[in-house]
Amino acid sequence: MTIHDTKLTPAETCTTDPRSPYLGVKNLTKKFDESTALDDVSFDISKGEFICFLGPSGCGKTTLLRCIAGLETQTAGQIIQSEKDISWLPPSARDFGIVFQSYALFPNLTVGDNVAYGLVNTGAKRREIAEKVDGLLKLVNLSAHKSKYPAQLSGGEQQRIALVRALATSPGLLLLDEPLSALDAQVREHLRREVRALQKRLDVTTIMVTHDQDEALTMADRIVVMNAGKLEQIGTPREIYEEPATPFVARFIGETNVIPLAEFEHGHARSGRCWLDISQAKSADETAPSGTDVIAVIRPEDVLIAQKDCLNTVQTDILDVEFLGDHLTVHVHAPALDSDRLSVRISKQQALTLDLSAGTRLPLCLPSQALRLLNAT
Ligand SMILES: Nc1ncnc2c1ncn2[C@@H]1O[C@H](COP(=O)(O)OP(=O)(O)O)[C@@H](O)[C@H]1O
Ligand SMILES: [Mg+2]
């Protein structure tokens, strides 16, 4: 078949564009009196994606989630869901289910009645509701608890009930505000997997707010990193970790070494008394930053113990060593470098061959290709 045989008109190709986002947040700003909680935030989410809003406390994550739900009204900007402008719709006219950090189950209703709650007013028959509730409880393996009251369940069980209650009406969008934060570490890790498996199985577009980077890195398809009301970066966990777009993202996700750079010349940059080879360094933009206020970042696992053939060797003195079970993090001082401290990750095997006592010299290598150049401001 040649191109000429296709009978699609431009109009037909446009109406069902599979690439159109499921949810679009456009230039969203939210002010509370004088303070700006959200500052011109824009991004798109595809159908079926699991998105995490990640950032420190007070950066605007909950406010953004509440604007999407209609529980808060934006000061400016738009929210588009399924190609419909929902910016001014009340929550009751929007298509979402929500789970908060506090379990917020009705204490005087049984587990079964809690799950059925949103279905009662839909006009569904009692038998249909009962079947739906049974199906939902089965999904989270809590069928046996149907007649119990919330207070008789553990925190993790209550959150699983809150989750299926939010899913009962089969919403297009599932909103989760720190749903695992109140649980202890072991339950939390188990529930991460359970929530993700359930989300995949139901293919429901999901946004989860968290301040926990491990949670975001392990669960999300893409992460929206926020800082002081602004969107810093949106990307896959790997992109966010390996290709941070801003110094904030580099510092907030994982551990990172920051080396301020002062002068640039012939593929080299000066930090303190060291000229570092940056010819293979990466940067967020195509053109590497080269003015003032530029930093190089490098992850502790990318810093190497110096070998003979290493460019960018720096002399350092060991400050202290942290034992972290499967590896060690060694903190050093590099007097020639314009950087207070560097961290280097060392395997247990490697540690056996080195003298890692405080004050000992440790020549390190900062491989050119592992450096990432960013504008500091
Ligand atoms: N109802 C409100 N009235 C006034 N300020 C608010 C209100 N809700 C949130 N804020 C402020 O908006 C900012 C963002 O808050 P929030 O969205 O709750 O952050 P996060 O969920 O990331 O911790 C904070 O400075 C907070 O104090
Ligand atoms: Mg919050």
# chains A, B, ... in the order shown; residues from 1 in each chain; ligands from 1
$ residues_near_ligand --ligand "ligand 2" --cutoff "10 Å" --atoms "only C-alpha atoms and all ligand atoms" --output "PDB file with C-alpha atoms, in the first residue's frame"
ATOM      1  CA  PHE A  53       4.849  14.315  43.114  1.00  0.00           C
ATOM      2  CA  LEU A  54       8.104  14.415  45.074  1.00  0.00           C
ATOM      3  CA  GLY A  55       9.589  17.264  47.069  1.00  0.00           C
ATOM      4  CA  PRO A  56      10.288  18.524  50.575  1.00  0.00           C
ATOM      5  CA  SER A  57       7.529  19.364  53.027  1.00  0.00           C
ATOM      6  CA  GLY A  58       5.700  22.594  52.118  1.00  0.00           C
ATOM      7  CA  CYS A  59       6.739  22.599  48.424  1.00  0.00           C
ATOM      8  CA  GLY A  60       3.132  22.463  47.187  1.00  0.00           C
ATOM      9  CA  LYS A  61       2.502  18.760  46.487  1.00  0.00           C
ATOM     10  CA  THR A  62      -0.775  18.498  48.406  1.00  0.00           C
ATOM     11  CA  THR A  63      -1.997  21.829  47.046  1.00  0.00           C
ATOM     12  CA  LEU A  64      -1.381  20.605  43.489  1.00  0.00           C
ATOM     13  CA  LEU A  65      -3.214  17.332  44.169  1.00  0.00           C
ATOM     14  CA  ARG A  66      -6.124  19.206  45.785  1.00  0.00           C
ATOM     15  CA  PHE A 100      -5.228  10.538  52.296  1.00  0.00           C
ATOM     16  CA  GLN A 101      -2.412   9.814  54.728  1.00  0.00           C
ATOM     17  CA  ASP A 177      -1.653  11.860  49.281  1.00  0.00           C
ATOM     18  CA  GLU A 178       1.185  10.220  51.216  1.00  0.00           C
ATOM     19  CA  VAL A 209       2.241  12.529  46.617  1.00  0.00           C
ATOM     20  CA  THR A 210       5.328  11.568  48.606  1.00  0.00           C
ATOM     21  CA  HIS A 211       8.307  13.205  50.284  1.00  0.00           C
TER      22      HIS A 211
END
$ residues_around --residues "Phe96 of chain A" --least-positions-apart "3" --cutoff "9 Å" --atoms "only C-alpha atoms" --output "VMD selection string"
chain A and resid 69 91 166 to 167 169 to 175
$ select_by_dssp --residues "segment 206-373 of chain A" --states "strand (DSSP E)" --output "ChimeraX atom specification"
/A:206-210,222-227,230-235,257-261,263-265,268-271,274-277,282-283,294-298,304-305,313-314,317-323,327-333,342-347,364-365,372-373
$ closest_residue --among "A:Leu304, A:Cys52, A:Leu163, A:Leu105" --to "ligand 1" --atoms "only C-alpha atoms and all ligand atoms"
A:Cys52
$ residues_around --residues "Lys138 of chain A" --least-positions-apart "5" --cutoff "12 Å" --atoms "only C-alpha atoms" --output "list in words"
Gly112, Val115, Glu131, Lys132, Val133, Ser143, Ala144, His145, Lys146, Arg160, Ile161, Val164 and Leu198 of chain A
$ residues_around --residues "Asn27 of chain A" --least-positions-apart "5" --cutoff "12 Å" --atoms "only C-alpha atoms" --output "list in words"
Leu38, Asp39, Asp40, Val41, Ser42, Phe43, Asp44, Leu64, Gln74, Thr75, Ala76, Gly77, Gln78, Ile79, Ile80, Ser87, Gly229, Lys230 and Leu231 of chain A
$ decode --residues "segment 27-58 of chain A" --atoms "N, CA and C atoms" --output "compact mmCIF listing (two decimals), in the first residue's frame"
# COMPACT_ATOMS: atom_id res chain seq x y z
N ASN A 27 0.07 25.86 33.34
CA ASN A 27 0.41 27.15 33.98
C ASN A 27 -0.36 27.37 35.28
N LEU A 28 -0.39 26.33 36.11
CA LEU A 28 -1.19 26.41 37.34
C LEU A 28 -0.47 27.21 38.43
N THR A 29 -1.17 28.21 38.94
CA THR A 29 -0.66 29.02 40.05
C THR A 29 -1.70 29.03 41.15
N LYS A 30 -1.25 28.88 42.40
CA LYS A 30 -2.16 28.96 43.54
C LYS A 30 -1.53 29.85 44.61
N LYS A 31 -2.26 30.89 44.95
CA LYS A 31 -1.78 31.79 46.01
C LYS A 31 -2.70 31.68 47.22
N PHE A 32 -2.11 31.63 48.40
CA PHE A 32 -2.86 31.77 49.64
C PHE A 32 -2.50 33.14 50.19
N ASP A 33 -3.41 34.09 50.14
CA ASP A 33 -3.10 35.48 50.52
C ASP A 33 -1.85 35.93 49.77
N GLU A 34 -0.78 36.21 50.51
CA GLU A 34 0.43 36.73 49.86
C GLU A 34 1.37 35.61 49.39
N SER A 35 1.23 34.40 50.00
CA SER A 35 2.22 33.36 49.68
C SER A 35 1.79 32.55 48.46
N THR A 36 2.79 32.17 47.65
CA THR A 36 2.53 31.41 46.43
C THR A 36 2.85 29.95 46.67
N ALA A 37 1.81 29.11 46.70
CA ALA A 37 2.02 27.68 46.95
C ALA A 37 2.37 26.94 45.67
N LEU A 38 1.82 27.41 44.53
CA LEU A 38 2.15 26.82 43.22
C LEU A 38 2.47 27.96 42.27
N ASP A 39 3.56 27.82 41.53
CA ASP A 39 4.04 28.91 40.70
C ASP A 39 4.19 28.45 39.25
N ASP A 40 3.15 28.63 38.45
CA ASP A 40 3.22 28.38 37.01
C ASP A 40 3.66 26.95 36.69
N VAL A 41 2.94 25.99 37.23
CA VAL A 41 3.29 24.57 37.06
C VAL A 41 2.57 23.99 35.83
N SER A 42 3.32 23.36 34.93
CA SER A 42 2.75 22.73 33.74
C SER A 42 3.35 21.36 33.51
N PHE A 43 2.51 20.38 33.20
CA PHE A 43 2.99 19.05 32.77
C PHE A 43 1.80 18.24 32.26
N ASP A 44 2.09 17.17 31.53
CA ASP A 44 1.05 16.28 31.01
C ASP A 44 1.27 14.87 31.54
N ILE A 45 0.17 14.14 31.72
CA ILE A 45 0.24 12.75 32.16
C ILE A 45 -0.52 11.90 31.15
N SER A 46 0.06 10.74 30.80
CA SER A 46 -0.61 9.84 29.85
C SER A 46 -1.52 8.88 30.60
N LYS A 47 -2.44 8.28 29.87
CA LYS A 47 -3.36 7.33 30.48
C LYS A 47 -2.58 6.12 31.01
N GLY A 48 -2.92 5.70 32.22
CA GLY A 48 -2.31 4.51 32.81
C GLY A 48 -0.98 4.76 33.50
N GLU A 49 -0.48 5.99 33.45
CA GLU A 49 0.80 6.27 34.11
C GLU A 49 0.66 6.32 35.63
N PHE A 50 1.74 5.97 36.31
CA PHE A 50 1.84 6.15 37.76
C PHE A 50 2.85 7.28 37.99
N ILE A 51 2.33 8.41 38.48
CA ILE A 51 3.15 9.62 38.66
C ILE A 51 3.34 9.88 40.14
N CYS A 52 4.54 10.24 40.55
CA CYS A 52 4.75 10.71 41.93
C CYS A 52 5.07 12.19 41.92
N PHE A 53 4.43 12.94 42.82
CA PHE A 53 4.85 14.32 43.11
C PHE A 53 5.82 14.19 44.27
N LEU A 54 7.07 14.58 44.05
CA LEU A 54 8.10 14.42 45.07
C LEU A 54 8.74 15.76 45.39
N GLY A 55 8.93 16.02 46.67
CA GLY A 55 9.59 17.26 47.07
C GLY A 55 9.52 17.41 48.57
N PRO A 56 10.27 18.35 49.12
CA PRO A 56 10.29 18.52 50.57
C PRO A 56 8.95 19.04 51.10
N SER A 57 8.76 18.91 52.39
CA SER A 57 7.53 19.36 53.03
C SER A 57 7.29 20.84 52.72
N GLY A 58 6.05 21.20 52.37
CA GLY A 58 5.70 22.59 52.12
C GLY A 58 5.96 23.06 50.70
